[in-house]
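What follows is a single structure, written as structure tokens, with notes after it.
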Amino acid sequence: MKYARISQVAHYAPRQVITNDDLAEIMDTSDEWISSRTGIKKRHLAYDESTSDLATKVAEKLLTKADLSADELDFIIVATITPDSLMPSTAARVQANIGAKKAFAFDMTAACSGFVFALSMGEKLIASGTYQKGLIIGSETLSKVVDWTDRGTAVLFGDGAGGVLLESAQMQYFLAEKQGTDGSRGEKLTSGFLGLSSPFAQETPDQKYLAMDGRAIFDFAIRDVAQSISETIEASHLEVEDIDYFLLHQANERILNKMAKKLGVSRNKIPANMMEYGNTSAASIPILLSECVEQGIINLNGNQTILLSGFGGGLTWGTLIVTI
Ligand code: ACO
């Protein structure tokens with residue numbers, strides 16, 4: 001039997017920081033409205049870096065921390081809904097940038113669940129016995145798909161990247177998982193429509209901007225995602241109390257408060273950093289994990305149990321319970 005484990009974590013955010021007050025200067029909003037409804041105080045925005053640049057920074061940090069050469073990597077998966085281009089993929093750009101000659105690389109498109117889906121896939125690649133080492137990175141420049149004239153969405157999102165090094169291991173670190181999709185509710189959260197443009201087609205416009213039904217997403221998170229988290233805990237044969245930390249997608253602090261109540265978990269076990277980064281979609285969970293490790297809340301000594309849960313566009317959701 002082969003196993004995989006998370007052996008390193010890292011994150012990177014663009015240096016430019018935009019506060020709620022900065023936004024209030026360019027649109028009809030206020031720090032009071034944004035922070036009371038979402039918990040968000042600021043966000044990092046890329047001015048001169050692409051999604052692959054952010055992901056490359058994370059990949060380089062992971063290799064340095066692990067004292068690993070890029071040649072030793074077998075695969076690179078980048079979870080993103082804001083790739084530099086559809087082809088080549090962001091992951092292929094990272095592979096070239098770091099010189100990971102042996103690695104195959106591809107992007108995972110599952111919005112805010114992307115990192116969890118990619119981590120689950122990476123674990124299977126290593127558990128197959130065919131591969132030994134891979135990078136799983138969530139990287140986003142959501143600022144390029146946000147409609148900056150729509151205050152209802154523009155204030156929510158930010159740019160950033162985080163990731164982990166996955167390596168083969170001697171014992172089981174991935175304890176349980178549940179992932180799901182409900183495409184029938186896909187229109188509740190959308191972005192990046194490519195219109196038809198051939199001379200033979202009836203032309204349809206591109207609609208790149210992000211649009212969402214905020215209330216529907218809020219309800220989805222509280223009902224469906226909380227339910228799925230409970231089912232994953234049940235499947236792991238652990239009790240809620242056995243889980244040291246719950247690293248949930250950083251969309252909104254009110255969602256975390258409601259989830260804590262619903263799951264019967266103290267908020268102290270649900271760290272948050274959306275106040276600093278906003279919602280960074282596929283990057284939110286690995287950025288949070290990396291910050292928790294930097295702050296010494298989580299260590300990589302194999303003696304803590306954490307739950308990771310992403311949810312968002314698709315609609316998609318995914319929860320993993322791992323020893324870290
Ligand atoms: N500043 C000031 N006023 C605003 C702003 C803003 N930035 N945005 C909207 N408003 C106004 C609206 O125009 C509306 O005014 P009206 O009553 O005069 O019409 C009022 O505030 C209420 O607007 P709602 O959209 O109903 O606000 P709501 O209380 O639902 O809060 C929010 C919106 C925060 C987005 C909420 O629905 C929510 O938390 N949703 C969760 C979804 C989420 O976080 N999505 C992120 C992406 S999805 C994901 O990552 C899973």
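FYI, nothing fancy with the structure tokens labels: chains A, B, ... in order, residues from 1 per chain, ligands from 1 as they appear.
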Do you know which residues are within 6 Å of ligand 1 using only C-alpha atoms and all ligand atoms? Can you write them as a ChimeraX atom specification?
-> /A:29-30,33-34,37-38,112,151-152,155,214-215,217-218,251-252,281,311-312
Taking only residues of range 107-158 of chain A that have an atom at most 9 Å from an atom of range 86-100 of chain A, what is each one's shortest atom pair and its distance in Å to one decimal, using only C-alpha atoms, in chain and number order, as a tab-separated table?
residue	atom	partner	partner_atom	distance
A:Asp107	CA	A:Ala91	CA	5.7
A:Ile137	CA	A:Ala91	CA	8.7
A:Ser139	CA	A:Thr90	CA	8.9
Would you put the residues from that selection into a file with C-alpha atoms, as a PDB file, in the first residue's frame?
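Here's the written file out23.pdb:
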ATOM      1  CA  ASP A 107      -4.712  22.983 -14.362  1.00  0.00           C
ATOM      2  CA  ILE A 137      -0.927  24.948  -5.920  1.00  0.00           C
ATOM      3  CA  SER A 139      -3.283  30.489  -7.582  1.00  0.00           C
TER       4      SER A 139
END
Of the candidates A:Pro83, A:Gly180, A:Gly278, A:Gly310, which shows the shortest atom-to-atom distance to Phe157 in chain A, using only C-alpha atoms?
-> A:Gly278
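With only C-alpha atoms as the atoms that count, the minimum distance from Ala118 in chain A to the choices A:Ala282, A:Asp224, A:Arg5, A:Gly302 is reached by A:Ala282.
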For Lys65 in chain A, please output as a PyMOL selection string all residues within 12 Å (counting only C-alpha atoms; exclusion window: fewer than 2 positions along the same chain).
-> chain A and resi 7-11+58-63+67-69+164-165
Quick one: residues within 9 Å of Asn273 in chain A, only C-alpha atoms counted, chain neighbours fewer than 4 positions away excluded, as a list in words?
-> Ile40, Gln250, Tyr277, Gly278, Ser284, Ile287, Leu288 and Glu291 of chain A
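Compared by their closest atoms to Val78 in chain A, and using only C-alpha atoms, the residues A:Ser236, A:Thr19, A:Ser52, A:Thr323 rank with A:Ser52 nearest.
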